[in-house]
file start-v3.cif (mmCIF, C-alpha atoms)
data_coords
#
loop_
_atom_site.label_atom_id
_atom_site.label_comp_id
_atom_site.auth_asym_id
_atom_site.auth_seq_id
_atom_site.Cartn_x
_atom_site.Cartn_y
_atom_site.Cartn_z
CA MET B 1 175.03 61.50 179.22
CA GLN B 2 178.75 61.78 180.03
CA ALA B 3 178.70 65.56 179.67
CA ASN B 4 176.31 65.69 182.64
CA PHE B 5 178.23 63.30 184.87
CA SER B 6 179.10 65.94 187.47
CA THR B 7 175.48 67.05 187.53
CA SER B 8 174.37 63.46 188.05
CA ILE B 9 176.64 62.78 191.00
CA ARG B 10 175.61 66.09 192.59
CA THR B 11 171.95 65.21 192.12
CA TYR B 12 171.91 61.59 193.20
CA LEU B 13 174.73 61.46 195.72
CA SER B 14 173.62 64.93 196.89
CA ASN B 15 175.54 68.09 197.68
CA ASP B 16 174.99 67.48 201.38
CA ARG B 17 176.78 64.15 201.08
CA LEU B 18 179.70 65.58 199.09
CA THR B 19 180.16 68.91 200.88
CA PRO B 20 182.24 67.39 203.73
CA TYR B 21 184.69 66.12 201.11
CA GLU B 22 184.90 69.60 199.56
CA LYS B 23 185.69 71.14 202.93
CA ILE B 24 188.30 68.57 203.92
CA LEU B 25 189.98 68.48 200.50
CA LYS B 26 189.57 72.24 199.96
CA THR B 27 188.50 71.77 196.36
CA LYS B 28 185.39 71.79 194.20
CA ASP B 29 186.96 69.51 191.61
CA ASP B 30 184.37 66.72 191.26
CA LYS B 31 186.93 64.25 189.99
CA ILE B 32 189.02 64.60 193.14
CA ILE B 33 185.94 64.61 195.37
CA LEU B 34 184.42 61.53 193.73
CA SER B 35 187.75 59.68 193.87
CA HIS B 36 187.86 60.15 197.62
CA TYR B 37 184.18 59.28 197.93
CA ILE B 38 184.79 55.96 196.13
CA TRP B 39 187.91 55.35 198.21
CA ASN B 40 185.79 55.87 201.32
CA ILE B 41 183.35 53.23 200.09
CA LYS B 42 186.19 50.79 199.54
CA LEU B 43 187.59 51.47 203.01
CA SER B 44 184.16 51.01 204.58
CA GLU B 45 183.70 47.79 202.65
CA CYS B 46 186.95 46.28 203.92
CA PHE B 47 185.88 46.93 207.52
CA TYR B 48 182.60 45.07 207.12
CA PRO B 49 183.86 41.48 207.62
CA LEU B 50 186.02 42.55 210.59
CA LEU B 51 183.14 44.35 212.28
CA GLN B 52 180.74 41.49 211.61
CA ILE B 53 183.07 38.89 213.08
CA LEU B 54 183.93 41.10 216.05
CA GLU B 55 180.29 41.75 216.90
CA ILE B 56 179.23 38.12 216.61
CA SER B 57 182.22 36.66 218.44
CA LEU B 58 182.12 39.31 221.20
CA ARG B 59 178.45 38.81 222.04
CA ASN B 60 178.77 35.02 221.99
CA SER B 61 181.88 35.07 224.14
CA ILE B 62 180.25 37.36 226.72
CA ASN B 63 177.02 35.36 226.69
CA ASN B 64 178.82 32.03 227.07
CA ALA B 65 181.04 33.36 229.87
CA ILE B 66 178.07 34.74 231.83
CA ILE B 67 176.12 31.50 231.49
CA ASP B 68 179.17 29.48 232.51
CA TYR B 69 179.92 31.61 235.56
CA PHE B 70 176.43 32.44 236.86
CA GLY B 71 174.60 29.34 235.67
CA PHE B 72 171.52 30.85 234.00
CA ASP B 73 171.00 31.54 230.30
CA ASP B 74 168.43 34.34 230.62
CA TRP B 75 170.80 36.58 232.58
CA TYR B 76 169.55 39.66 230.71
CA GLU B 77 166.18 39.51 232.50
CA ASP B 78 165.43 42.13 235.16
CA LYS B 79 164.81 39.50 237.86
CA TYR B 80 168.54 38.76 238.23
CA GLY B 81 169.61 42.37 238.72
CA MET B 82 172.50 41.84 236.33
CA LEU B 83 171.75 44.80 234.06
CA GLU B 84 171.26 48.48 234.74
CA LYS B 85 168.30 50.51 233.49
CA ASN B 86 169.82 51.61 230.16
CA GLU B 87 170.70 48.06 229.15
CA LEU B 88 167.32 46.72 230.27
CA VAL B 89 165.70 49.23 227.90
CA LEU B 90 167.80 47.86 225.05
CA VAL B 91 166.77 44.30 225.93
CA SER B 92 163.13 45.38 225.85
CA LYS B 93 163.60 47.01 222.44
CA ALA B 94 165.27 43.87 221.12
CA LYS B 95 162.32 41.76 222.27
CA ASP B 96 159.89 44.20 220.64
CA GLU B 97 161.73 43.92 217.32
CA ILE B 98 161.56 40.12 217.41
CA THR B 99 157.87 40.22 218.30
CA LYS B 100 157.16 42.64 215.43
CA ARG B 101 158.58 40.05 213.06
CA THR B 102 156.18 37.50 214.60
CA GLU B 103 159.12 35.32 215.64
CA ASP B 104 159.45 33.31 218.84
CA LEU B 105 161.27 35.04 221.69
CA THR B 106 164.00 32.46 222.04
CA LYS B 107 167.11 33.17 224.11
CA GLY B 108 169.32 32.83 221.06
CA LYS B 109 167.29 35.37 219.08
CA ILE B 110 167.33 37.85 221.93
CA ILE B 111 171.11 37.64 222.25
CA ALA B 112 171.53 38.05 218.48
CA GLU B 113 169.12 41.01 218.36
CA LEU B 114 171.01 43.02 220.98
CA ASN B 115 173.08 45.56 219.08
CA PHE B 116 176.77 46.37 219.31
CA GLY B 117 175.97 49.40 221.46
CA PHE B 118 174.48 47.10 224.08
CA TRP B 119 177.56 44.88 224.26
CA THR B 120 179.98 47.81 224.42
CA SER B 121 177.88 49.41 227.17
CA LEU B 122 178.62 46.37 229.35
CA PHE B 123 182.21 47.64 229.49
CA ASN B 124 181.14 50.76 231.39
CA LYS B 125 182.58 51.19 234.87
CA ARG B 126 179.29 50.27 236.56
CA TYR B 127 179.80 46.66 235.40
CA ASP B 128 183.37 46.39 236.66
CA VAL B 129 182.62 44.44 239.84
CA LYS B 130 179.34 42.94 238.70
CA LEU B 131 180.77 41.33 235.57
CA TRP B 132 184.39 41.88 234.65
CA HIS B 133 186.06 40.94 237.91
CA LYS B 134 184.40 37.56 237.38
CA ILE B 135 184.38 36.80 233.64
CA ILE B 136 186.98 38.86 231.80
CA LYS B 137 189.44 35.98 231.47
CA LYS B 138 186.68 33.72 230.13
CA VAL B 139 185.64 36.32 227.56
CA PHE B 140 189.20 37.16 226.45
CA PRO B 141 191.31 34.07 227.16
CA ASP B 142 193.84 34.86 224.41
CA LEU B 143 194.30 38.59 225.12
CA LEU B 144 197.64 39.80 226.46
CA ARG B 145 197.40 39.88 230.23
CA LYS B 146 198.46 43.54 230.45
CA ASN B 147 195.52 44.50 228.18
CA ARG B 148 192.97 42.21 229.79
CA ASN B 149 191.14 44.85 231.80
CA ARG B 150 187.76 46.54 231.43
CA LYS B 151 189.12 50.10 231.12
CA TYR B 152 191.45 49.23 228.25
CA LEU B 153 188.79 47.26 226.40
CA SER B 154 186.11 49.90 226.99
CA ARG B 155 188.27 52.56 225.34
CA LYS B 156 189.07 50.36 222.36
CA LEU B 157 185.51 49.12 221.86
CA ASN B 158 183.98 52.58 222.05
CA GLU B 159 186.30 53.86 219.32
CA ILE B 160 185.38 50.82 217.23
CA ARG B 161 181.68 51.47 217.88
CA LYS B 162 182.01 55.09 216.71
CA LEU B 163 183.72 53.96 213.51
CA ARG B 164 181.08 51.26 212.98
CA ASN B 165 178.30 53.84 213.26
CA ARG B 166 179.97 56.14 210.73
CA ILE B 167 180.37 53.26 208.29
CA PHE B 168 176.77 52.12 208.67
CA HIS B 169 175.55 55.70 208.18
CA HIS B 170 177.66 56.06 205.00
CA GLU B 171 179.76 58.84 206.49
CA PRO B 172 183.41 59.67 205.67
CA ILE B 173 186.04 57.60 207.47
CA TRP B 174 188.97 58.10 205.07
CA ASN B 175 190.13 61.24 206.91
CA ASN B 176 190.22 59.55 210.32
CA VAL B 177 193.87 59.80 211.34
CA GLY B 178 193.42 56.88 213.74
CA LEU B 179 191.90 54.53 211.19
CA LYS B 180 194.89 52.16 211.10
CA GLU B 181 194.94 52.01 214.90
CA ILE B 182 191.22 51.19 215.07
CA HIS B 183 191.67 48.49 212.44
CA ASP B 184 194.47 46.96 214.51
CA ASP B 185 192.33 47.21 217.65
CA ILE B 186 189.55 45.21 215.98
CA VAL B 187 192.01 42.47 215.06
CA GLU B 188 193.48 42.55 218.58
CA VAL B 189 190.09 42.20 220.30
CA ILE B 190 189.05 39.37 217.99
CA GLY B 191 192.37 37.65 218.67
CA GLY B 192 191.85 38.15 222.38
CA ILE B 193 188.62 36.20 222.14
CA ASP B 194 190.11 33.41 220.05
CA THR B 195 193.32 33.14 218.05
CA HIS B 196 191.71 30.79 215.50
CA ILE B 197 189.03 33.38 214.68
CA LYS B 198 191.81 35.95 214.30
CA LYS B 199 193.50 33.76 211.69
CA MET B 200 190.24 33.62 209.71
CA VAL B 201 189.92 37.41 209.92
CA ILE B 202 193.45 37.90 208.61
CA LEU B 203 192.56 35.80 205.57
CA LEU B 204 189.63 38.13 204.84
CA ASP B 205 191.44 41.36 205.65
CA ASN B 206 192.62 43.63 202.82
CA PHE B 207 192.77 46.87 204.80
CA ASP B 208 196.47 47.60 204.27
CA HIS B 209 196.05 47.41 200.50
CA ILE B 210 192.95 49.63 200.44
CA TYR B 211 194.47 52.07 202.93
CA ASP B 212 197.32 52.88 200.52
CA LYS B 213 195.92 56.29 199.56
CA GLN B 214 198.41 57.21 196.86
CA PHE B 215 197.84 53.96 194.97
CA GLN B 216 194.08 53.85 195.47
CA ILE B 217 193.33 57.46 194.49
CA LYS B 218 195.54 57.23 191.41
CA GLN B 219 193.82 54.00 190.37
CA ILE B 220 190.31 55.35 191.00
CA GLU B 221 191.01 58.58 189.12
CA SER B 222 192.24 56.52 186.18
CA GLN B 223 189.09 54.37 186.24
CA ILE B 224 186.63 57.28 186.39
CA GLY B 225 188.57 59.64 184.14
CA ASP B 226 186.51 58.85 181.03
CA LEU B 227 183.32 59.72 182.91
CA PHE B 228 184.39 63.35 183.14
CA ILE B 229 184.35 65.45 179.99
CA LYS B 230 185.60 69.00 180.29
CA GLU B 231 183.22 71.58 178.96
CA ALA B 232 184.55 73.67 176.15
#
call {"tool": "encode", "arguments": {"input": "start-v3.cif", "output": "C-alpha coordinates"}}
result
Amino acid sequence: MQANFSTSIRTYLSNDRLTPYEKILKTKDDKIILSHYIWNIKLSECFYPLLQILEISLRNSINNAIIDYFGFDDWYEDKYGMLEKNELVLVSKAKDEITKRTEDLTKGKIIAELNFGFWTSLFNKRYDVKLWHKIIKKVFPDLLRKNRNRKYLSRKLNEIRKLRNRIFHHEPIWNNVGLKEIHDDIVEVIGGIDTHIKKMVILLDNFDHIYDKQFQIKQIESQIGDLFIKEA
(Lines of atoms letter the chains of each structure in order from A and count residues from 1; the text may use other names and numbers.)
(Lines give C-alpha, C1' and ligand atoms only; values in the text may rest on other atoms or scores of the structure.)
Protein backbone atom coordinates (compact mmCIF):
# COMPACT_ATOMS: atom_id res chain seq x y z
CA MET A 1 0.00 0.00 0.00
CA GLN A 2 1.15 3.57 -0.68
CA ALA A 3 1.01 4.47 3.02
CA ASN A 4 3.76 1.90 3.62
CA PHE A 5 6.01 2.95 0.76
CA SER A 6 8.82 4.17 3.02
CA THR A 7 8.63 0.94 4.98
CA SER A 8 8.84 -1.05 1.76
CA ILE A 9 11.94 0.68 0.44
CA ARG A 10 13.62 0.33 3.84
CA THR A 11 12.77 -3.37 3.91
CA TYR A 12 13.63 -4.39 0.38
CA LEU A 13 16.38 -1.95 -0.53
CA SER A 14 17.65 -2.30 3.07
CA ASN A 15 18.78 0.24 5.62
CA ASP A 16 22.38 -0.81 5.05
CA ARG A 17 22.05 0.14 1.38
CA LEU A 18 20.41 3.50 2.12
CA THR A 19 22.42 4.58 5.17
CA PRO A 20 25.36 5.93 3.09
CA TYR A 21 22.89 8.25 1.34
CA GLU A 22 21.57 9.45 4.71
CA LYS A 23 25.08 10.25 5.89
CA ILE A 24 26.15 12.05 2.72
CA LEU A 25 22.89 13.98 2.35
CA LYS A 26 22.54 14.56 6.11
CA THR A 27 18.83 13.76 6.04
CA LYS A 28 16.42 10.99 6.90
CA ASP A 29 13.84 12.21 4.39
CA ASP A 30 13.11 9.07 2.34
CA LYS A 31 11.92 11.07 -0.65
CA ILE A 32 15.27 12.86 -0.93
CA ILE A 33 17.21 9.66 -0.24
CA LEU A 34 15.27 7.62 -2.79
CA SER A 35 15.59 10.36 -5.41
CA HIS A 36 19.36 10.21 -5.11
CA TYR A 37 19.29 6.41 -5.05
CA ILE A 38 17.37 6.38 -8.35
CA TRP A 39 19.68 9.03 -9.78
CA ASN A 40 22.61 6.80 -8.86
CA ILE A 41 21.01 3.93 -10.78
CA LYS A 42 20.58 6.14 -13.83
CA LEU A 43 24.20 7.30 -13.62
CA SER A 44 25.43 3.73 -13.28
CA GLU A 45 23.28 2.69 -16.22
CA CYS A 46 24.74 5.34 -18.52
CA PHE A 47 28.27 4.11 -17.75
CA TYR A 48 27.48 0.52 -18.74
CA PRO A 49 27.88 0.83 -22.54
CA LEU A 50 31.08 2.87 -22.14
CA LEU A 51 32.61 0.36 -19.74
CA GLN A 52 31.56 -2.58 -21.90
CA ILE A 53 33.08 -1.12 -25.04
CA LEU A 54 36.24 -0.04 -23.21
CA GLU A 55 36.80 -3.48 -21.71
CA ILE A 56 36.21 -5.36 -24.96
CA SER A 57 38.21 -3.01 -27.17
CA LEU A 58 41.10 -2.74 -24.68
CA ARG A 59 41.58 -6.48 -24.29
CA ASN A 60 41.33 -7.09 -28.03
CA SER A 61 43.75 -4.29 -28.82
CA ILE A 62 46.30 -5.57 -26.29
CA ASN A 63 45.88 -9.17 -27.42
CA ASN A 64 46.22 -8.28 -31.11
CA ALA A 65 49.28 -6.09 -30.47
CA ILE A 66 51.05 -8.82 -28.47
CA ILE A 67 50.35 -11.45 -31.11
CA ASP A 68 51.51 -9.10 -33.85
CA TYR A 69 54.74 -8.17 -32.08
CA PHE A 70 55.76 -11.46 -30.46
CA GLY A 71 54.25 -13.86 -32.97
CA PHE A 72 52.40 -16.30 -30.68
CA ASP A 73 48.71 -16.26 -29.77
CA ASP A 74 48.96 -18.10 -26.44
CA TRP A 75 51.25 -15.47 -24.91
CA TYR A 76 49.47 -15.73 -21.56
CA GLU A 77 50.93 -19.21 -20.94
CA ASP A 78 53.66 -19.56 -18.31
CA LYS A 79 56.14 -21.06 -20.79
CA TYR A 80 56.79 -17.68 -22.44
CA GLY A 81 57.59 -15.83 -19.23
CA MET A 82 55.43 -12.92 -20.37
CA LEU A 83 53.28 -12.70 -17.24
CA GLU A 84 54.13 -12.35 -13.57
CA LYS A 85 52.74 -14.59 -10.84
CA ASN A 86 49.63 -12.52 -10.03
CA GLU A 87 48.50 -12.43 -13.65
CA LEU A 88 49.23 -16.13 -14.16
CA VAL A 89 46.88 -16.85 -11.25
CA LEU A 90 44.15 -14.87 -13.00
CA VAL A 91 44.73 -16.82 -16.21
CA SER A 92 44.39 -20.06 -14.27
CA LYS A 93 41.13 -18.86 -12.69
CA ALA A 94 39.78 -17.88 -16.10
CA LYS A 95 40.55 -21.35 -17.45
CA ASP A 96 38.85 -22.96 -14.44
CA GLU A 97 35.70 -20.91 -15.05
CA ILE A 98 35.56 -22.00 -18.68
CA THR A 99 36.12 -25.63 -17.71
CA LYS A 100 33.34 -25.45 -15.09
CA ARG A 101 30.96 -24.47 -17.87
CA THR A 102 32.14 -27.55 -19.81
CA GLU A 103 33.31 -25.34 -22.67
CA ASP A 104 36.40 -25.84 -24.81
CA LEU A 105 39.49 -23.94 -23.68
CA THR A 106 39.93 -21.97 -26.87
CA LYS A 107 42.31 -19.01 -27.02
CA GLY A 108 39.45 -16.65 -27.79
CA LYS A 109 37.45 -17.79 -24.76
CA ILE A 110 40.43 -17.44 -22.46
CA ILE A 111 41.07 -13.87 -23.61
CA ALA A 112 37.38 -12.99 -23.19
CA GLU A 113 37.22 -14.59 -19.73
CA LEU A 114 40.11 -12.54 -18.34
CA ASN A 115 38.54 -9.74 -16.32
CA PHE A 116 39.15 -6.01 -16.46
CA GLY A 117 41.39 -6.25 -13.39
CA PHE A 118 43.73 -8.52 -15.35
CA TRP A 119 44.06 -6.10 -18.26
CA THR A 120 44.60 -3.07 -16.03
CA SER A 121 47.24 -4.98 -14.05
CA LEU A 122 49.30 -5.22 -17.25
CA PHE A 123 49.83 -1.47 -16.91
CA ASN A 124 51.80 -1.93 -13.69
CA LYS A 125 55.42 -0.78 -13.75
CA ARG A 126 56.75 -4.35 -13.89
CA TYR A 127 55.43 -4.62 -17.47
CA ASP A 128 56.99 -1.37 -18.65
CA VAL A 129 59.97 -2.88 -20.47
CA LYS A 130 58.46 -6.30 -21.07
CA LEU A 131 55.38 -4.99 -22.88
CA TRP A 132 54.82 -1.27 -23.20
CA HIS A 133 58.16 -0.21 -24.65
CA LYS A 134 57.29 -2.58 -27.48
CA ILE A 135 53.53 -2.41 -28.09
CA ILE A 136 52.05 0.78 -26.67
CA LYS A 137 51.77 2.49 -30.06
CA LYS A 138 50.06 -0.59 -31.52
CA VAL A 139 47.56 -0.71 -28.66
CA PHE A 140 46.83 3.05 -28.69
CA PRO A 141 47.54 4.27 -32.22
CA ASP A 142 45.07 7.17 -31.98
CA LEU A 143 46.03 8.44 -28.51
CA LEU A 144 47.73 11.83 -28.21
CA ARG A 145 51.46 11.24 -28.21
CA LYS A 146 51.98 13.13 -24.92
CA ASN A 147 49.52 10.75 -23.19
CA ARG A 148 50.77 7.58 -24.84
CA ASN A 149 52.75 6.24 -21.90
CA ARG A 150 52.19 3.44 -19.41
CA LYS A 151 52.21 5.64 -16.30
CA TYR A 152 49.51 7.97 -17.61
CA LEU A 153 47.32 5.10 -18.80
CA SER A 154 47.82 3.10 -15.60
CA ARG A 155 46.53 5.99 -13.50
CA LYS A 156 43.51 6.52 -15.73
CA LEU A 157 42.62 2.84 -16.03
CA ASN A 158 42.88 2.19 -12.31
CA GLU A 159 40.44 5.00 -11.56
CA ILE A 160 38.10 3.59 -14.20
CA ARG A 161 38.46 0.11 -12.67
CA LYS A 162 37.53 1.43 -9.21
CA LEU A 163 34.43 3.12 -10.61
CA ARG A 164 33.52 -0.03 -12.56
CA ASN A 165 33.70 -2.11 -9.39
CA ARG A 166 31.47 0.31 -7.49
CA ILE A 167 28.91 0.24 -10.29
CA PHE A 168 28.90 -3.54 -10.53
CA HIS A 169 28.51 -3.81 -6.74
CA HIS A 170 25.55 -1.37 -6.80
CA GLU A 171 27.38 1.19 -4.68
CA PRO A 172 26.94 4.99 -4.75
CA ILE A 173 28.85 6.85 -7.46
CA TRP A 174 26.75 10.04 -7.62
CA ASN A 175 28.86 11.74 -4.93
CA ASN A 176 32.16 11.07 -6.70
CA VAL A 177 33.51 14.56 -7.39
CA GLY A 178 35.69 13.17 -10.19
CA LEU A 179 32.89 11.39 -12.01
CA LYS A 180 32.93 13.71 -15.04
CA GLU A 181 36.70 13.34 -15.33
CA ILE A 182 36.49 9.54 -15.21
CA HIS A 183 33.76 9.58 -17.84
CA ASP A 184 35.98 11.70 -20.09
CA ASP A 185 38.92 9.39 -19.42
CA ILE A 186 36.90 6.38 -20.61
CA VAL A 187 36.05 8.19 -23.84
CA GLU A 188 39.69 9.27 -24.25
CA VAL A 189 41.07 5.74 -23.81
CA ILE A 190 38.53 4.28 -26.21
CA GLY A 191 39.39 7.01 -28.73
CA GLY A 192 43.07 6.25 -28.24
CA ILE A 193 42.43 2.68 -29.32
CA ASP A 194 40.32 3.66 -32.32
CA THR A 195 38.60 6.89 -33.30
CA HIS A 196 35.79 5.02 -35.10
CA ILE A 197 34.89 3.15 -31.90
CA LYS A 198 34.90 6.49 -30.08
CA LYS A 199 32.33 7.85 -32.53
CA MET A 200 30.06 4.87 -31.80
CA VAL A 201 30.46 5.45 -28.05
CA ILE A 202 29.50 9.11 -28.41
CA LEU A 203 26.27 8.05 -30.12
CA LEU A 204 25.43 5.85 -27.11
CA ASP A 205 26.58 8.31 -24.45
CA ASN A 206 24.00 10.28 -22.45
CA PHE A 207 26.17 11.01 -19.42
CA ASP A 208 26.01 14.81 -19.61
CA HIS A 209 22.21 14.74 -19.57
CA ILE A 210 22.01 12.29 -16.65
CA TYR A 211 24.76 14.09 -14.74
CA ASP A 212 22.66 17.28 -14.58
CA LYS A 213 21.78 16.86 -10.90
CA GLN A 214 19.37 19.75 -10.53
CA PHE A 215 17.25 18.60 -13.47
CA GLN A 216 17.41 14.90 -12.67
CA ILE A 217 16.58 15.14 -8.95
CA LYS A 218 13.70 17.53 -9.62
CA GLN A 219 12.32 15.19 -12.29
CA ILE A 220 12.71 12.07 -10.13
CA GLU A 221 11.09 13.72 -7.11
CA SER A 222 8.16 14.70 -9.31
CA GLN A 223 7.82 11.13 -10.61
CA ILE A 224 7.92 9.45 -7.20
CA GLY A 225 5.98 12.12 -5.31
CA ASP A 226 2.67 10.25 -5.46
CA LEU A 227 4.30 7.19 -3.89
CA PHE A 228 4.84 9.08 -0.65
CA ILE A 229 1.83 9.87 1.50
CA LYS A 230 2.43 11.90 4.62
CA GLU A 231 1.05 10.36 7.75
CA ALA A 232 -1.50 12.44 9.54
call {"tool": "resolve_selection", "arguments": {"input": "start-v3.cif", "expression": "the PyMOL selection byres ((chain B and resi 22) around 12)", "output": "VMD selection string"}}
result
chain B and resid 15 to 21 23 to 37 172
call {"tool": "resolve_selection", "arguments": {"input": "start-v3.cif", "expression": "the PyMOL selection byres ((chain B and resi 131) around 10)", "output": "ChimeraX atom specification"}}
result
/B:62,65-66,69-70,82-83,122-123,126-130,132-136,150
call {"tool": "atom_distance", "arguments": {"input": "start-v3.cif", "atom1": "atom CA of Trp119 of chain B", "atom2": "atom CA of Ile210 of chain B"}}
result
28.8 Å
call {"tool": "atom_distance", "arguments": {"input": "start-v3.cif", "atom1": "atom CA of Ala112 of chain B", "atom2": "atom CA of Glu181 of chain B"}}
result
27.5 Å
call {"tool": "closest_residue", "arguments": {"input": "start-v3.cif", "among": "B:Lys107, B:Lys199, B:Lys93, B:His170", "to": "Asp73 of chain B", "atoms": "only C-alpha atoms"}}
result
B:Lys107
call {"tool": "resolve_selection", "arguments": {"input": "start-v3.cif", "expression": "the PyMOL selection byres ((chain B and resi 157) around 9)", "output": "list in words"}}
result
Thr120, Phe123, Tyr152, Leu153, Ser154, Arg155, Lys156, Asn158, Glu159, Ile160, Arg161, Lys162, Asp185, Ile186 and Val189 of chain B
call {"tool": "residues_around", "arguments": {"input": "start-v3.cif", "residues": "Phe168 of chain B", "least_positions_apart": "5", "cutoff": "10 Å", "atoms": "all atoms listed in the file", "output": "MDAnalysis selection string"}}
result
chainID B and resid 44 48 163
call {"tool": "residues_around", "arguments": {"input": "start-v3.cif", "residues": "Leu54 of chain B", "least_positions_apart": "2", "cutoff": "8 Å", "atoms": "only C-alpha atoms", "output": "ChimeraX atom specification"}}
result
/B:50-52,56-58,186,189-190
call {"tool": "atom_distance", "arguments": {"input": "start-v3.cif", "atom1": "atom CA of Leu43 of chain B", "atom2": "atom CA of Ile173 of chain B"}}
result
7.7 Å
call {"tool": "closest_residue", "arguments": {"input": "start-v3.cif", "among": "B:Gly81, B:Lys109, B:Phe47, B:Asn115", "to": "Asp184 of chain B", "atoms": "all atoms listed in the file"}}
result
B:Phe47
